[in-house]
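What's in my_file20.txt: compact mmCIF, C-alpha atoms
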```
# COMPACT_ATOMS: atom_id res chain seq x y z
CA MET A 1 10.10 -29.20 -1.77
CA THR A 2 13.21 -30.05 -3.78
CA ILE A 3 16.71 -29.30 -2.57
CA GLN A 4 17.09 -26.58 -5.19
CA ALA A 5 13.83 -24.94 -4.06
CA GLN A 6 14.96 -25.14 -0.43
CA ASP A 7 18.24 -23.46 -1.37
CA ARG A 8 16.37 -20.68 -3.16
CA ARG A 9 14.12 -20.27 -0.13
CA GLN A 10 17.13 -19.98 2.17
CA GLN A 11 18.79 -17.46 -0.17
CA ILE A 12 15.67 -15.34 -0.23
CA LEU A 13 15.12 -15.53 3.52
CA ALA A 14 18.75 -14.50 4.01
CA LEU A 15 17.88 -11.27 2.16
CA GLU A 16 15.28 -10.32 4.75
CA PRO A 17 17.50 -7.81 6.62
CA ARG A 18 18.39 -6.04 3.36
CA LEU A 19 14.75 -6.07 2.32
CA LEU A 20 13.81 -4.56 5.67
CA GLY A 21 16.37 -1.78 5.24
CA CYS A 22 15.08 -0.98 1.77
CA ALA A 23 11.44 -1.15 2.91
CA ASP A 24 12.22 1.14 5.84
CA ALA A 25 13.71 3.69 3.43
CA MET A 26 10.61 3.49 1.22
CA THR A 27 7.95 3.61 3.92
CA ARG A 28 9.78 5.66 6.57
CA ASP A 29 7.91 3.61 9.16
CA VAL A 30 9.32 0.52 10.89
CA HIS A 31 5.96 -1.20 11.30
CA GLU A 32 4.91 -0.60 7.69
CA ALA A 33 8.35 -1.77 6.53
CA LYS A 34 8.02 -5.04 8.43
CA ALA A 35 4.53 -5.57 7.02
CA LEU A 36 5.78 -4.86 3.50
CA VAL A 37 8.65 -7.34 3.85
CA GLN A 38 6.33 -10.03 5.22
CA ASP A 39 3.86 -9.39 2.40
CA THR A 40 6.68 -9.58 -0.15
CA LEU A 41 8.03 -12.83 1.27
CA ALA A 42 4.54 -14.33 1.29
CA ALA A 43 4.07 -13.32 -2.35
CA ALA A 44 7.49 -14.76 -3.18
CA GLN A 45 6.50 -18.03 -1.54
CA GLU A 46 3.28 -18.14 -3.58
CA CYS A 47 5.30 -17.63 -6.76
CA GLY A 48 7.74 -20.39 -5.91
CA TYR A 49 10.59 -18.06 -4.87
CA GLY A 50 11.48 -16.81 -8.33
CA GLU A 51 14.46 -17.82 -10.45
CA ALA A 52 17.14 -20.38 -9.65
CA ASP A 53 20.03 -17.91 -10.02
CA ALA A 54 20.72 -16.12 -6.72
CA SER A 55 21.40 -12.70 -8.26
CA THR A 56 18.29 -12.92 -10.43
CA ALA A 57 16.22 -14.02 -7.43
CA GLN A 58 17.54 -11.05 -5.46
CA THR A 59 16.64 -8.63 -8.24
CA TRP A 60 13.23 -10.25 -8.64
CA LEU A 61 12.52 -10.04 -4.92
CA PHE A 62 13.44 -6.36 -4.60
CA ARG A 63 11.37 -5.57 -7.70
CA LEU A 64 8.44 -7.51 -6.23
CA MET A 65 8.71 -5.53 -3.00
CA ARG A 66 8.85 -2.22 -4.86
CA GLN A 67 5.79 -3.14 -6.93
CA ARG A 68 3.85 -4.13 -3.83
CA PHE A 69 4.84 -0.87 -2.13
CA HIS A 70 3.65 1.23 -5.07
CA SER A 71 0.44 -0.78 -5.25
CA VAL A 72 -0.27 -0.06 -1.58
CA GLU A 73 0.55 3.63 -2.07
CA ARG A 74 -1.75 3.89 -5.10
CA ASP A 75 -4.56 2.31 -3.08
CA ARG A 76 -3.90 4.65 -0.17
CA ASP A 77 -3.86 7.71 -2.44
CA TYR A 78 -7.13 6.61 -4.06
CA ARG A 79 -8.77 6.14 -0.66
CA ARG A 80 -7.55 9.58 0.45
CA SER A 81 -8.83 11.31 -2.65
CA ARG A 82 -12.14 9.44 -2.48
CA SER A 83 -12.51 10.35 1.19
CA ALA A 84 -11.81 14.00 0.38
CA GLN A 85 -14.43 13.93 -2.38
CA VAL A 86 -17.04 12.40 -0.08
CA THR A 87 -16.22 14.92 2.65
CA GLU A 88 -16.44 17.83 0.23
CA LEU A 89 -19.76 16.55 -1.09
CA ALA A 90 -21.13 16.31 2.46
CA TYR A 91 -20.01 19.88 3.21
CA ALA A 92 -21.55 21.10 -0.05
CA ARG A 93 -24.87 19.49 0.89
CA LYS A 94 -24.78 21.09 4.34
CA ARG A 95 -24.02 24.52 2.82
CA GLU A 96 -26.88 24.07 0.37
CA GLN A 97 -29.27 23.08 3.16
CA ALA A 98 -28.17 26.06 5.24
CA ALA A 99 -28.70 28.38 2.27
CA GLN A 100 -32.16 26.93 1.64
CA ALA A 101 -33.04 27.29 5.31
CA ALA A 102 -31.88 30.93 5.24
CA VAL A 103 -34.00 31.60 2.17
CA GLN A 104 -37.00 29.93 3.78
CA GLU A 105 -36.44 31.93 6.95
CA ALA A 106 -36.33 35.16 4.92
CA ILE A 107 -39.55 34.22 3.15
CA ASP A 108 -41.27 33.37 6.45
CA ALA A 109 -40.09 36.65 8.00
CA ARG A 110 -41.95 38.71 5.36
```
Produce structure tokens that represent the structure in this file.
Amino acid sequence: MTIQAQDRRQQILALEPRLLGCADAMTRDVHEAKALVQDTLAAAQECGYGEADASTAQTWLFRLMRQRFHSVERDRDYRRSRSAQVTELAYARKREQAAQAAVQEAIDAR
């Protein structure tokens, strides 16, 4: 790692407390906020820690965290809606089976 890359890494790691505060405001959960910050820092490391300019790197990092947060929320919303659809389908099948059983019972009672 070059000296410039190490400096960028140190600048970004120094932003961790501010990132945590922002993540806490977004997630409203300390544990999720910590996980989001760690995920963001890992993604930043994979990308080579962004731009050389400190202010640009800061902007890039906060944008990266926000994008990752919204991605997680979209996935969570999809899973919730899918789960609700599956649950509703299961209840509809049970209601249909109960109705068929009632019809069959009425036929047998004649």
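Distances here use all atoms listed in the file; by that measure, the residue among A:Ser83, A:Gln67, A:Gln97, A:Gln38 closest to Met26 in chain A is A:Gln67.
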With distances taken over only C-alpha atoms, the candidate from A:Val103, A:Ala57, A:Ala90, A:Arg82 nearest Gln10 in chain A is A:Ala57
Close residues, Thr40 in chain A itself excluded, 8 Å, only C-alpha atoms, min 3 positions apart in chain, as an MDAnalysis selection string
chainID A and resid 36:37 43:44 61 64:65 68
With C-alpha atoms retained, write the just-selected residues as a PDB file, in the frame of the given file.
```
ATOM      1  CA  LEU A  36       5.780  -4.860   3.500  1.00  0.00           C
ATOM      2  CA  VAL A  37       8.650  -7.340   3.850  1.00  0.00           C
ATOM      3  CA  ALA A  43       4.070 -13.320  -2.350  1.00  0.00           C
ATOM      4  CA  ALA A  44       7.490 -14.760  -3.180  1.00  0.00           C
ATOM      5  CA  LEU A  61      12.520 -10.040  -4.920  1.00  0.00           C
ATOM      6  CA  LEU A  64       8.440  -7.510  -6.230  1.00  0.00           C
ATOM      7  CA  MET A  65       8.710  -5.530  -3.000  1.00  0.00           C
ATOM      8  CA  ARG A  68       3.850  -4.130  -3.830  1.00  0.00           C
TER       9      ARG A  68
END
```
Could you state the separation of CA of Leu41 in chain A and CA of Leu13 in chain A in Å, given to one decimal place?
7.9 Å
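Here CA of Ala25 in chain A is placed at a distance of 25.4 Å from CA of Arg8 in chain A.
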Separation of CA of Arg18 in chain A from CA of Arg66 in chain A, in Å and rounded to one decimal:
13.2 Å
List as JSON, numbers by chain the protein and nucleic acid residues near Lys34 in chain A, meaning an atom at most 8 Å away when only C-alpha atoms are counted, but skip any in the same chain fewer than 6 places from it.
{"A": [20, 23, 24]}
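In this comparison, which uses only C-alpha atoms, the residue of A:Leu19, A:Ile107, A:Leu89, A:Ala102 approaching Asp39 in chain A most closely is A:Leu19.
Counting only C-alpha atoms, the residue from A:Arg110, A:Ala33, A:Gln104, A:Glu88 that sits nearest to Pro17 in chain A is A:Ala33.
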What are the centre and the three edge lengths of an axis-aligned box that wraps all atoms of range 6-18 of chain A in the file, given that 8 Å is added to every side, written as lines of an AutoDock Vina configuration file and rounded to one decimal in Å?
```
center_x = 16.5
center_y = -15.6
center_z = 1.7
size_x = 20.7
size_y = 35.1
size_z = 25.8
```
